[in-house]
file upload.cif (mmCIF, C-alpha atoms)
data_run
loop_
_atom_site.label_atom_id
_atom_site.label_comp_id
_atom_site.auth_asym_id
_atom_site.auth_seq_id
_atom_site.Cartn_x
_atom_site.Cartn_y
_atom_site.Cartn_z
CA MET A 15 28.77 -0.81 -30.89
CA SER A 16 28.97 -3.52 -28.25
CA GLY A 17 29.57 -1.78 -24.92
CA PHE A 18 26.52 -0.64 -22.94
CA ASP A 19 27.82 2.85 -22.23
CA THR A 20 28.89 3.28 -25.86
CA ARG A 21 25.41 2.36 -27.06
CA ALA A 22 23.86 4.69 -24.47
CA VAL A 23 25.82 7.63 -25.82
CA HIS A 24 25.72 6.89 -29.55
CA ALA A 25 22.68 4.78 -30.52
CA GLY A 26 20.27 6.95 -32.49
CA GLN A 27 22.48 9.97 -31.88
CA ASP A 28 24.26 10.61 -35.18
CA PHE A 29 25.46 14.18 -35.61
CA ASP A 30 23.34 16.52 -37.73
CA PRO A 31 24.44 16.09 -41.38
CA THR A 32 23.54 19.68 -42.28
CA THR A 33 25.36 21.62 -39.57
CA GLY A 34 27.59 18.99 -37.98
CA ALA A 35 25.95 19.59 -34.59
CA VAL A 36 27.12 16.78 -32.31
CA ILE A 37 23.79 16.73 -30.46
CA PRO A 38 20.92 15.96 -32.88
CA PRO A 39 18.38 18.79 -33.24
CA LEU A 40 15.21 18.81 -31.12
CA HIS A 41 12.30 18.60 -33.58
CA PHE A 42 9.19 20.41 -32.37
CA SER A 43 7.32 20.42 -35.67
CA THR A 44 3.85 18.87 -35.61
CA THR A 45 3.67 18.39 -39.36
CA TYR A 46 6.06 17.72 -42.24
CA ALA A 47 6.24 18.92 -45.86
CA GLN A 48 5.57 16.26 -48.48
CA ASP A 49 7.26 15.94 -51.85
CA GLY A 50 3.97 15.53 -53.66
CA ILE A 51 0.98 13.73 -52.17
CA GLY A 52 2.27 10.82 -50.12
CA GLY A 53 5.89 11.71 -50.74
CA LEU A 54 7.11 11.56 -47.16
CA ARG A 55 10.63 12.52 -46.15
CA GLY A 56 11.96 9.87 -43.80
CA GLY A 57 8.41 8.57 -43.25
CA TYR A 58 7.31 11.62 -41.25
CA GLU A 59 3.93 13.25 -41.82
CA TYR A 60 2.37 14.22 -38.47
CA GLY A 61 3.72 14.50 -34.93
CA ARG A 62 1.51 11.82 -33.42
CA SER A 63 2.59 9.19 -35.95
CA GLY A 64 6.27 10.02 -35.75
CA ASN A 65 8.86 12.56 -34.71
CA PRO A 66 12.63 12.37 -35.37
CA THR A 67 13.46 13.11 -31.72
CA ARG A 68 11.17 10.33 -30.57
CA THR A 69 12.60 7.97 -33.19
CA ALA A 70 16.10 8.66 -31.87
CA LEU A 71 14.99 7.77 -28.33
CA GLU A 72 13.27 4.60 -29.51
CA THR A 73 16.45 3.55 -31.30
CA GLN A 74 18.41 4.19 -28.12
CA LEU A 75 15.96 2.21 -25.96
CA ALA A 76 16.03 -0.80 -28.27
CA ALA A 77 19.82 -0.76 -28.43
CA LEU A 78 20.18 -0.78 -24.64
CA GLU A 79 17.79 -3.71 -24.14
CA GLY A 80 19.22 -5.67 -27.08
CA ALA A 81 15.93 -5.46 -28.96
CA ARG A 82 14.78 -4.86 -32.52
CA HIS A 83 11.93 -2.55 -31.50
CA GLY A 84 11.61 0.27 -28.99
CA LEU A 85 8.47 2.36 -28.49
CA SER A 86 8.25 5.52 -26.39
CA PHE A 87 5.07 6.66 -24.63
CA ALA A 88 3.78 9.57 -22.57
CA SER A 89 4.05 7.53 -19.34
CA GLY A 90 4.84 4.06 -18.10
CA LEU A 91 1.14 3.31 -17.67
CA ALA A 92 0.43 4.52 -21.22
CA ALA A 93 3.02 2.01 -22.43
CA GLU A 94 1.44 -0.77 -20.35
CA ASP A 95 -2.05 0.15 -21.56
CA ALA A 96 -1.01 0.00 -25.22
CA LEU A 97 0.63 -3.38 -24.71
CA LEU A 98 -2.33 -4.84 -22.83
CA ARG A 99 -4.84 -3.64 -25.42
CA ALA A 100 -2.68 -4.95 -28.25
CA VAL A 101 -2.56 -8.42 -26.71
CA LEU A 102 -5.79 -8.94 -24.76
CA LYS A 103 -9.43 -9.43 -25.67
CA PRO A 104 -12.45 -9.95 -23.39
CA GLY A 105 -12.13 -13.28 -21.63
CA ASP A 106 -8.32 -13.31 -21.58
CA GLU A 107 -6.52 -13.51 -18.25
CA VAL A 108 -3.36 -11.95 -16.84
CA LEU A 109 -1.28 -13.53 -14.08
CA LEU A 110 0.86 -11.06 -12.18
CA GLY A 111 2.91 -10.95 -9.01
CA ASN A 112 1.50 -10.07 -5.61
CA ASP A 113 3.99 -7.22 -5.17
CA VAL A 114 3.72 -5.23 -8.39
CA TYR A 115 3.43 -1.49 -8.82
CA GLY A 116 0.02 -0.32 -7.61
CA GLY A 117 -0.67 1.53 -10.85
CA THR A 118 -0.28 -1.67 -12.88
CA TYR A 119 -2.79 -3.44 -10.66
CA ARG A 120 -5.16 -0.45 -10.83
CA LEU A 121 -4.99 -0.40 -14.63
CA LEU A 122 -5.90 -4.08 -14.82
CA ALA A 123 -8.40 -4.24 -11.97
CA ARG A 124 -10.30 -0.99 -12.51
CA ILE A 125 -9.89 -0.17 -16.21
CA LEU A 126 -9.52 -3.46 -18.09
CA ALA A 127 -11.41 -5.86 -15.79
CA PRO A 128 -14.77 -4.13 -16.43
CA TRP A 129 -14.16 -4.81 -20.14
CA GLY A 130 -13.85 -8.53 -19.49
CA VAL A 131 -10.16 -9.07 -18.77
CA GLY A 132 -9.45 -11.52 -15.95
CA LEU A 133 -6.79 -10.98 -13.32
CA ARG A 134 -5.08 -13.52 -11.11
CA VAL A 135 -2.22 -13.02 -8.63
CA ALA A 136 0.62 -15.33 -7.60
CA GLU A 137 3.86 -15.23 -5.64
CA MET A 138 6.36 -14.89 -8.49
CA THR A 139 9.34 -15.98 -6.39
CA ASP A 140 7.62 -19.36 -5.84
CA LEU A 141 7.95 -21.22 -9.15
CA ALA A 142 5.68 -24.04 -8.01
CA ALA A 143 2.97 -21.54 -7.10
CA VAL A 144 3.30 -19.86 -10.49
CA GLU A 145 3.11 -23.18 -12.30
CA ALA A 146 -0.02 -24.09 -10.33
CA ALA A 147 -1.60 -20.70 -11.06
CA LEU A 148 -0.87 -21.10 -14.76
CA ALA A 149 -2.54 -24.52 -14.68
CA GLU A 150 -5.76 -23.01 -13.29
CA GLY A 151 -6.75 -21.82 -16.75
CA PRO A 152 -5.50 -20.24 -19.97
CA THR A 153 -3.21 -17.28 -19.28
CA ARG A 154 -2.57 -14.76 -22.02
CA ILE A 155 0.08 -12.70 -20.18
CA LEU A 156 2.49 -13.58 -17.38
CA TRP A 157 3.46 -10.22 -15.87
CA VAL A 158 6.73 -10.14 -13.91
CA GLU A 159 8.25 -7.25 -11.96
CA THR A 160 11.76 -7.84 -10.65
CA PRO A 161 13.04 -6.46 -8.38
CA SER A 162 9.52 -5.73 -7.22
CA ASN A 163 8.06 -2.50 -5.86
CA PRO A 164 8.45 -1.94 -2.94
CA LEU A 165 9.54 -5.19 -1.26
CA LEU A 166 12.43 -5.89 -3.65
CA LYS A 167 11.46 -9.48 -4.34
CA VAL A 168 13.66 -11.05 -7.01
CA SER A 169 11.99 -13.37 -9.51
CA ASP A 170 13.75 -15.82 -11.81
CA ILE A 171 13.13 -14.44 -15.29
CA THR A 172 14.56 -17.46 -17.10
CA GLU A 173 12.43 -19.99 -15.23
CA LEU A 174 9.30 -17.83 -15.35
CA ALA A 175 9.75 -17.40 -19.09
CA ARG A 176 10.01 -21.17 -19.43
CA LEU A 177 6.83 -21.72 -17.41
CA GLY A 178 4.97 -18.93 -19.16
CA HIS A 179 5.85 -20.10 -22.63
CA ALA A 180 4.93 -23.70 -21.79
CA ALA A 181 1.51 -22.39 -20.80
CA GLY A 182 1.18 -20.33 -23.99
CA ALA A 183 1.55 -16.98 -22.23
CA LEU A 184 3.34 -13.84 -23.35
CA VAL A 185 6.02 -13.08 -20.75
CA VAL A 186 6.32 -9.39 -19.84
CA VAL A 187 8.96 -8.02 -17.45
CA ASP A 188 8.75 -4.62 -15.81
CA ASN A 189 12.43 -3.67 -15.73
CA THR A 190 11.98 -0.22 -14.17
CA PHE A 191 13.79 -0.88 -10.89
CA ALA A 192 16.85 -2.52 -12.46
CA SER A 193 16.97 -0.53 -15.72
CA PRO A 194 18.72 -1.95 -18.79
CA ALA A 195 22.04 -1.01 -17.19
CA LEU A 196 21.64 -3.79 -14.60
CA GLN A 197 19.33 -6.35 -16.17
CA GLN A 198 18.47 -7.57 -19.69
CA PRO A 199 15.19 -9.53 -19.51
CA LEU A 200 14.94 -10.26 -23.25
CA SER A 201 18.25 -12.13 -23.12
CA LEU A 202 16.81 -14.20 -20.25
CA GLY A 203 13.74 -15.28 -22.22
CA ALA A 204 11.17 -12.51 -21.75
CA ASP A 205 9.05 -11.45 -24.73
CA VAL A 206 8.50 -7.80 -23.80
CA VAL A 207 10.15 -5.34 -21.41
CA VAL A 208 8.27 -2.34 -20.02
CA HIS A 209 9.68 0.73 -18.32
CA SER A 210 8.58 3.81 -16.57
CA THR A 211 11.28 5.98 -18.12
CA THR A 212 10.30 8.61 -15.57
CA LYS A 213 12.50 6.71 -13.15
CA TYR A 214 16.12 5.66 -13.75
CA ILE A 215 16.15 6.05 -17.52
CA GLY A 216 15.23 9.75 -17.37
CA GLY A 217 17.05 9.92 -14.08
CA HIS A 218 16.56 13.55 -13.13
CA SER A 219 12.94 13.76 -11.90
CA ASP A 220 12.07 16.20 -14.68
CA VAL A 221 10.26 14.15 -17.34
CA VAL A 222 7.41 11.62 -17.36
CA GLY A 223 7.56 8.79 -19.88
CA GLY A 224 7.28 5.09 -20.60
CA ALA A 225 8.67 2.53 -23.01
CA LEU A 226 8.23 -0.93 -24.44
CA VAL A 227 10.97 -3.01 -26.08
CA THR A 228 10.58 -6.32 -27.86
CA ASN A 229 11.99 -8.55 -30.58
CA ASP A 230 8.50 -9.64 -31.67
CA ASP A 231 7.87 -7.99 -35.05
CA GLU A 232 4.13 -8.70 -35.13
CA LEU A 233 3.55 -7.49 -31.59
CA ALA A 234 5.61 -4.35 -32.20
CA GLU A 235 3.45 -3.55 -35.23
CA LYS A 236 0.25 -3.94 -33.19
CA VAL A 237 1.55 -1.76 -30.36
CA ARG A 238 2.86 0.86 -32.77
CA PHE A 239 -0.60 1.08 -34.34
CA LEU A 240 -2.12 1.72 -30.90
CA GLN A 241 0.61 4.25 -30.17
CA PHE A 242 -0.52 6.13 -33.29
CA ALA A 243 -4.27 5.50 -33.06
CA ALA A 244 -4.69 6.21 -29.33
CA GLY A 245 -1.99 8.88 -29.29
CA ALA A 246 -0.30 8.46 -25.90
CA VAL A 247 3.08 9.36 -27.37
CA SER A 248 5.98 11.15 -25.76
CA GLY A 249 6.33 14.75 -26.91
CA PRO A 250 9.59 15.92 -28.48
CA MET A 251 10.88 17.71 -25.37
CA ASP A 252 10.02 14.71 -23.20
CA ALA A 253 11.82 12.42 -25.65
CA TRP A 254 14.86 14.70 -25.76
CA LEU A 255 15.10 14.92 -21.96
CA THR A 256 14.79 11.14 -21.71
CA THR A 257 17.55 10.67 -24.28
CA ARG A 258 19.79 13.07 -22.38
CA GLY A 259 19.24 11.13 -19.15
CA LEU A 260 19.71 7.76 -20.82
CA LYS A 261 23.22 8.66 -21.97
CA THR A 262 24.49 8.62 -18.37
CA LEU A 263 22.41 5.67 -17.16
CA GLY A 264 25.36 3.31 -16.74
CA ILE A 265 27.45 5.54 -14.51
CA ARG A 266 24.43 6.71 -12.53
CA MET A 267 23.30 3.15 -11.79
CA GLN A 268 26.79 2.34 -10.58
CA ARG A 269 26.64 5.18 -8.04
CA HIS A 270 23.03 4.48 -7.05
CA SER A 271 23.94 0.86 -6.39
CA GLU A 272 27.10 1.66 -4.45
CA ASN A 273 25.28 4.15 -2.21
CA ALA A 274 22.32 1.81 -1.69
CA GLN A 275 24.61 -1.02 -0.59
CA VAL A 276 26.21 1.17 2.08
CA ILE A 277 22.82 2.39 3.29
CA ALA A 278 21.33 -1.11 3.37
CA GLU A 279 24.23 -2.34 5.49
CA PHE A 280 23.89 0.65 7.84
CA LEU A 281 20.15 0.11 8.27
CA ASP A 282 20.57 -3.64 8.70
CA ALA A 283 22.83 -3.01 11.70
CA HIS A 284 20.54 -0.42 13.31
CA ALA A 285 18.59 -1.49 16.39
CA LYS A 286 15.42 0.39 15.39
CA VAL A 287 15.15 -1.31 12.00
CA GLN A 288 13.36 -4.66 11.95
CA THR A 289 13.82 -5.65 8.31
CA VAL A 290 15.85 -4.41 5.36
CA TYR A 291 14.65 -5.33 1.87
CA TYR A 292 17.67 -5.11 -0.43
CA PRO A 293 18.96 -7.89 -2.71
CA GLY A 294 22.55 -6.81 -2.14
CA LEU A 295 22.43 -8.16 1.42
CA PRO A 296 23.56 -11.82 1.67
CA GLN A 297 20.54 -12.75 3.81
CA HIS A 298 18.06 -11.46 1.24
CA PRO A 299 16.20 -14.53 -0.12
CA GLY A 300 16.86 -13.40 -3.69
CA HIS A 301 20.50 -12.44 -3.22
CA GLU A 302 22.10 -15.28 -5.18
CA LEU A 303 19.55 -15.04 -7.99
CA ALA A 304 20.01 -11.27 -8.22
CA ALA A 305 23.78 -11.74 -8.37
CA ARG A 306 23.31 -14.02 -11.40
CA GLN A 307 20.55 -12.07 -13.08
CA MET A 308 21.71 -8.49 -12.46
CA SER A 309 25.09 -6.82 -12.81
CA ARG A 310 24.48 -4.73 -9.65
CA PHE A 311 21.75 -4.66 -7.00
CA GLY A 312 20.15 -1.29 -7.73
CA GLY A 313 19.35 1.89 -5.86
CA ILE A 314 16.14 1.06 -3.99
CA VAL A 315 16.16 0.04 -0.33
CA SER A 316 12.99 -0.63 1.67
CA VAL A 317 12.86 -1.00 5.44
CA GLY A 318 10.40 -2.37 7.95
CA LEU A 319 10.17 -0.53 11.27
CA ALA A 320 8.42 -1.42 14.52
CA ASP A 321 4.98 -0.24 13.41
CA ALA A 322 3.13 2.23 11.19
CA ALA A 323 3.70 5.12 13.60
CA ALA A 324 7.46 4.55 13.57
CA ALA A 325 7.48 4.27 9.79
CA ARG A 326 5.56 7.51 9.35
CA ARG A 327 7.78 9.32 11.87
CA PHE A 328 10.92 8.12 10.11
CA ALA A 329 9.60 9.08 6.67
CA GLU A 330 8.76 12.59 7.84
CA SER A 331 12.03 13.23 9.69
CA THR A 332 14.70 13.16 7.00
CA ARG A 333 16.35 16.29 5.62
CA LEU A 334 18.32 15.17 2.56
CA PHE A 335 15.87 12.41 1.64
CA THR A 336 12.86 14.30 0.30
CA LEU A 337 9.41 12.92 1.14
CA ALA A 338 7.94 12.42 -2.32
CA GLU A 339 6.49 9.88 -4.72
CA SER A 340 8.46 8.33 -7.58
CA LEU A 341 12.06 7.14 -7.60
CA GLY A 342 15.18 6.82 -9.71
CA GLY A 343 16.33 10.43 -9.78
CA ILE A 344 19.77 11.66 -8.84
CA GLU A 345 18.35 13.04 -5.59
CA SER A 346 17.38 10.77 -2.71
CA LEU A 347 13.66 10.33 -2.02
CA MET A 348 11.68 8.89 0.88
CA ASN A 349 8.29 7.24 0.35
CA TYR A 350 5.63 5.70 2.61
CA PRO A 351 3.99 3.23 0.17
CA ASP A 352 0.87 2.40 2.19
CA ALA A 353 -0.41 5.97 1.94
CA MET A 354 1.46 7.16 -1.14
CA THR A 355 2.47 5.08 -4.17
CA HIS A 356 0.53 1.94 -3.18
CA ALA A 357 -2.59 3.46 -1.63
CA SER A 358 -4.61 2.06 -4.56
CA VAL A 359 -3.94 -1.53 -3.44
CA ARG A 360 -4.90 -1.11 0.22
CA GLY A 361 -7.23 -3.91 1.23
CA THR A 362 -6.13 -6.19 -1.62
CA GLU A 363 -3.66 -9.07 -1.67
CA LEU A 364 -1.09 -6.59 -3.02
CA ALA A 365 -1.31 -4.32 0.03
CA VAL A 366 2.06 -3.13 1.36
CA PRO A 367 2.68 -3.55 5.11
CA ASP A 368 2.07 -0.25 6.86
CA ASN A 369 5.42 -0.39 8.68
CA VAL A 370 7.41 -0.26 5.41
CA VAL A 371 9.26 2.78 4.07
CA ARG A 372 10.90 2.86 0.63
CA LEU A 373 14.12 4.77 -0.05
CA SER A 374 15.24 5.80 -3.52
CA VAL A 375 18.93 6.30 -2.90
CA GLY A 376 20.45 9.11 -4.95
CA ILE A 377 23.99 9.92 -6.00
CA GLU A 378 24.82 12.33 -3.17
CA SER A 379 27.80 11.75 -0.87
CA VAL A 380 26.85 8.57 0.93
CA ALA A 381 28.19 9.75 4.30
CA ASP A 382 25.71 12.62 4.21
CA LEU A 383 22.86 10.25 3.39
CA VAL A 384 23.77 7.90 6.22
CA ALA A 385 23.96 10.83 8.66
CA ASP A 386 20.50 11.97 7.55
CA LEU A 387 19.01 8.53 8.13
CA GLU A 388 20.73 8.24 11.49
CA GLN A 389 19.26 11.52 12.75
CA ALA A 390 15.81 10.50 11.48
CA LEU A 391 15.98 7.16 13.28
CA ASP A 392 17.00 8.97 16.46
CA GLN A 393 13.61 10.70 16.38
CA ILE A 394 11.60 7.49 16.50
#
call {"tool": "encode", "arguments": {"input": "upload.cif", "output": "structure tokens"}}
result
Amino acid sequence: MSGFDTRAVHAGQDFDPTTGAVIPPLHFSTTYAQDGIGGLRGGYEYGRSGNPTRTALETQLAALEGARHGLSFASGLAAEDALLRAVLKPGDEVLLGNDVYGGTYRLLARILAPWGVGLRVAEMTDLAAVEAALAEGPTRILWVETPSNPLLKVSDITELARLGHAAGALVVVDNTFASPALQQPLSLGADVVVHSTTKYIGGHSDVVGGALVTNDDELAEKVRFLQFAAGAVSGPMDAWLTTRGLKTLGIRMQRHSENAQVIAEFLDAHAKVQTVYYPGLPQHPGHELAARQMSRFGGIVSVGLADAAAARRFAESTRLFTLAESLGGIESLMNYPDAMTHASVRGTELAVPDNVVRLSVGIESVADLVADLEQALDQI
């Protein structure tokens, strides 16, 4: 199976051999009968260590990222936590971008730092700055998020992988915003890809989850042990819902991207909008890189307005765009990062400007979305 959409529909999704059901059964069982002591059927013994529905999702995830190993977790942060604990020990340092998801920074700064993990920050779009930061001292992990959240910075995965590997670092890419439908970081040199599957992969705002994919056999074994030993696994219903969403990822990302492009161009031409952050616009500093690195430009558009008051007013005035956290669902969402998703990084070098609003553009009729934004801007 070579085509992305074909893999999305069929990887890990063989029909049930007993009944012929086209959709594989949803396995809720927490425990499994053994054929004598230690005689496991298919390797399953207990729901935390393995579940056929979760296995099917992990197969699907690996297939879509072109990886040998996929691991599914209860949330994106649970996936990140398992990876970080599998790789790091006290005294190790992580270098990450200055525009990453606030929850990633919080996990490192407030959970792992007290246990002796060091944290440094660099501008990932500036390769010279990254190289200099790597030279400051041993770096165990180079953490890249591209496009970034919420300022849509585009980082060069290939070059960052080269720099990271030269410095002896494991190169991790958070691929949540692009999804595997638009970007394949492992093929560009990354060692590990992380996802909040809550977002585009699930795609319907009805299931929380996370994932890791990698070609590194030894690392996958370490992370899988933590998945089992710490237990932050996705439940069978969560795995099933994620699988269902993943099957339509390709066509959804096409519509998200098409709608976002129209909206970005509308906002860019509007007198009350100061800045539009969207890599699909030719003036975006990462436009040419995104065009090479991604197949489309994605469904997230951020805007800078005159000031915080204007941004808050705009965010609270839409009708189709729902004011809510998260992103990547079929419905359009509006978010004010400074006080919502990125409140945890206020006062740090990762703080989001308070005049910025982030739009997760859904798959609705784009004319209706533009009309909604126009009436909201009229109220500023």
call {"tool": "atom_distance", "arguments": {"input": "upload.cif", "atom1": "CA of Thr153 (chain A)", "atom2": "CA of Leu97 (chain A)"}}
result
15.4 Å
call {"tool": "atom_distance", "arguments": {"input": "upload.cif", "atom1": "CA of Thr332 (chain A)", "atom2": "CA of Ser193 (chain A)"}}
result
26.6 Å
call {"tool": "closest_residue", "arguments": {"input": "upload.cif", "among": "A:Ile277, A:Val371, A:Val366, A:Ala225", "to": "Asp386 (chain A)", "atoms": "only C-alpha atoms"}}
result
A:Ile277
call {"tool": "resolve_selection", "arguments": {"input": "upload.cif", "expression": "the PyMOL selection byres ((chain A and resi 163) around 12)", "output": "ChimeraX atom specification"}}
result
/A:111-119,158-162,164-168,188-192,291-292,314-316,340-341,349,351-352,355-356,364-366,370-374
call {"tool": "resolve_selection", "arguments": {"input": "upload.cif", "expression": "the PyMOL selection byres ((chain A and resi 139-146) around 10)", "output": "PyMOL selection string"}}
result
chain A and resi 109-112+135-138+147-151+156+158+160+167-171+173-174+177-178+180-181+299-300
call {"tool": "write_last_selection", "arguments": {"input": "upload.cif", "atoms": "C-alpha atoms", "output": "short mmCIF file (atom, residue, chain, number, x, y, z; two decimals), in the coordinates of the input"}}
result
data_model
loop_
_atom_site.label_atom_id
_atom_site.label_comp_id
_atom_site.auth_asym_id
_atom_site.auth_seq_id
_atom_site.Cartn_x
_atom_site.Cartn_y
_atom_site.Cartn_z
CA LEU A 109 -1.28 -13.53 -14.08
CA LEU A 110 0.86 -11.06 -12.18
CA GLY A 111 2.91 -10.95 -9.01
CA ASN A 112 1.50 -10.07 -5.61
CA VAL A 135 -2.22 -13.02 -8.63
CA ALA A 136 0.62 -15.33 -7.60
CA GLU A 137 3.86 -15.23 -5.64
CA MET A 138 6.36 -14.89 -8.49
CA ALA A 147 -1.60 -20.70 -11.06
CA LEU A 148 -0.87 -21.10 -14.76
CA ALA A 149 -2.54 -24.52 -14.68
CA GLU A 150 -5.76 -23.01 -13.29
CA GLY A 151 -6.75 -21.82 -16.75
CA LEU A 156 2.49 -13.58 -17.38
CA VAL A 158 6.73 -10.14 -13.91
CA THR A 160 11.76 -7.84 -10.65
CA LYS A 167 11.46 -9.48 -4.34
CA VAL A 168 13.66 -11.05 -7.01
CA SER A 169 11.99 -13.37 -9.51
CA ASP A 170 13.75 -15.82 -11.81
CA ILE A 171 13.13 -14.44 -15.29
CA GLU A 173 12.43 -19.99 -15.23
CA LEU A 174 9.30 -17.83 -15.35
CA LEU A 177 6.83 -21.72 -17.41
CA GLY A 178 4.97 -18.93 -19.16
CA ALA A 180 4.93 -23.70 -21.79
CA ALA A 181 1.51 -22.39 -20.80
CA PRO A 299 16.20 -14.53 -0.12
CA GLY A 300 16.86 -13.40 -3.69
#
call {"tool": "residues_around", "arguments": {"input": "upload.cif", "residues": "Glu378 (chain A)", "least_positions_apart": "5", "cutoff": "10 Å", "atoms": "all atoms listed in the file", "output": "mmCIF file with C-alpha atoms, keeping the file's coordinate frame"}}
result
data_model
loop_
_atom_site.group_PDB
_atom_site.id
_atom_site.type_symbol
_atom_site.label_atom_id
_atom_site.label_comp_id
_atom_site.auth_asym_id
_atom_site.auth_seq_id
_atom_site.Cartn_x
_atom_site.Cartn_y
_atom_site.Cartn_z
ATOM 1 C CA ARG A 269 26.640 5.180 -8.040
ATOM 2 C CA HIS A 270 23.030 4.480 -7.050
ATOM 3 C CA ASN A 273 25.280 4.150 -2.210
ATOM 4 C CA LEU A 334 18.320 15.170 2.560
ATOM 5 C CA ILE A 344 19.770 11.660 -8.840
ATOM 6 C CA GLU A 345 18.350 13.040 -5.590
ATOM 7 C CA SER A 346 17.380 10.770 -2.710
ATOM 8 C CA LEU A 383 22.860 10.250 3.390
#
call {"tool": "closest_residue", "arguments": {"input": "upload.cif", "among": "A:Asp368, A:Glu59, A:Glu330, A:Glu79", "to": "Tyr46 (chain A)", "atoms": "all atoms listed in the file"}}
result
A:Glu59
call {"tool": "atom_distance", "arguments": {"input": "upload.cif", "atom1": "CA of Thr45 (chain A)", "atom2": "CA of Thr32 (chain A)"}}
result
20.1 Å
call {"tool": "residues_near_point", "arguments": {"input": "upload.cif", "point": "(2.6, 4.1, -18.8)", "cutoff": "8 Å", "atoms": "all atoms listed in the file", "output": "PyMOL selection string"}}
result
chain A and resi 87-95+209-210+223-225
call {"tool": "closest_residue", "arguments": {"input": "upload.cif", "among": "A:Asn369, A:Ala283, A:Ser63, A:Leu347", "to": "Ala323 (chain A)", "atoms": "only C-alpha atoms"}}
result
A:Asn369
call {"tool": "closest_residue", "arguments": {"input": "upload.cif", "among": "A:Val375, A:Ile37, A:Ala234, A:Leu85", "to": "Ala246 (chain A)", "atoms": "all atoms listed in the file"}}
result
A:Leu85
call {"tool": "closest_residue", "arguments": {"input": "upload.cif", "among": "A:Pro39, A:Gly217, A:Pro250, A:Gly52", "to": "Glu72 (chain A)", "atoms": "all atoms listed in the file"}}
result
A:Pro250
call {"tool": "closest_residue", "arguments": {"input": "upload.cif", "among": "A:Thr69, A:Gln197, A:Val227, A:Gly264", "to": "Phe311 (chain A)", "atoms": "only C-alpha atoms"}}
result
A:Gln197
call {"tool": "resolve_selection", "arguments": {"input": "upload.cif", "expression": "the PyMOL selection byres ((chain A and resi 131) around 9)", "output": "PyMOL selection string"}}
result
chain A and resi 102-108+122-123+126-130+132-133
call {"tool": "residues_around", "arguments": {"input": "upload.cif", "residues": "Trp254 (chain A)", "least_positions_apart": "2", "cutoff": "10 Å", "atoms": "only C-alpha atoms", "output": "VMD selection string"}}
result
chain A and resid 38 to 41 67 to 68 70 to 71 216 221 248 to 252 256 to 260
call {"tool": "residues_around", "arguments": {"input": "upload.cif", "residues": "Met354 (chain A)", "least_positions_apart": "4", "cutoff": "9 Å", "atoms": "all atoms listed in the file", "output": "ChimeraX atom specification"}}
result
/A:338-339,349-350,358
call {"tool": "residues_around", "arguments": {"input": "upload.cif", "residues": "Glu279 (chain A)", "least_positions_apart": "5", "cutoff": "10 Å", "atoms": "all atoms listed in the file", "output": "PDB file with C-alpha atoms, in the coordinates of the input"}}
result
ATOM      1  CA  ALA A 274      22.320   1.810  -1.690  1.00  0.00           C
ATOM      2  CA  HIS A 284      20.540  -0.420  13.310  1.00  0.00           C
ATOM      3  CA  VAL A 290      15.850  -4.410   5.360  1.00  0.00           C
ATOM      4  CA  TYR A 292      17.670  -5.110  -0.430  1.00  0.00           C
ATOM      5  CA  GLY A 294      22.550  -6.810  -2.140  1.00  0.00           C
ATOM      6  CA  LEU A 295      22.430  -8.160   1.420  1.00  0.00           C
TER       7      LEU A 295
END
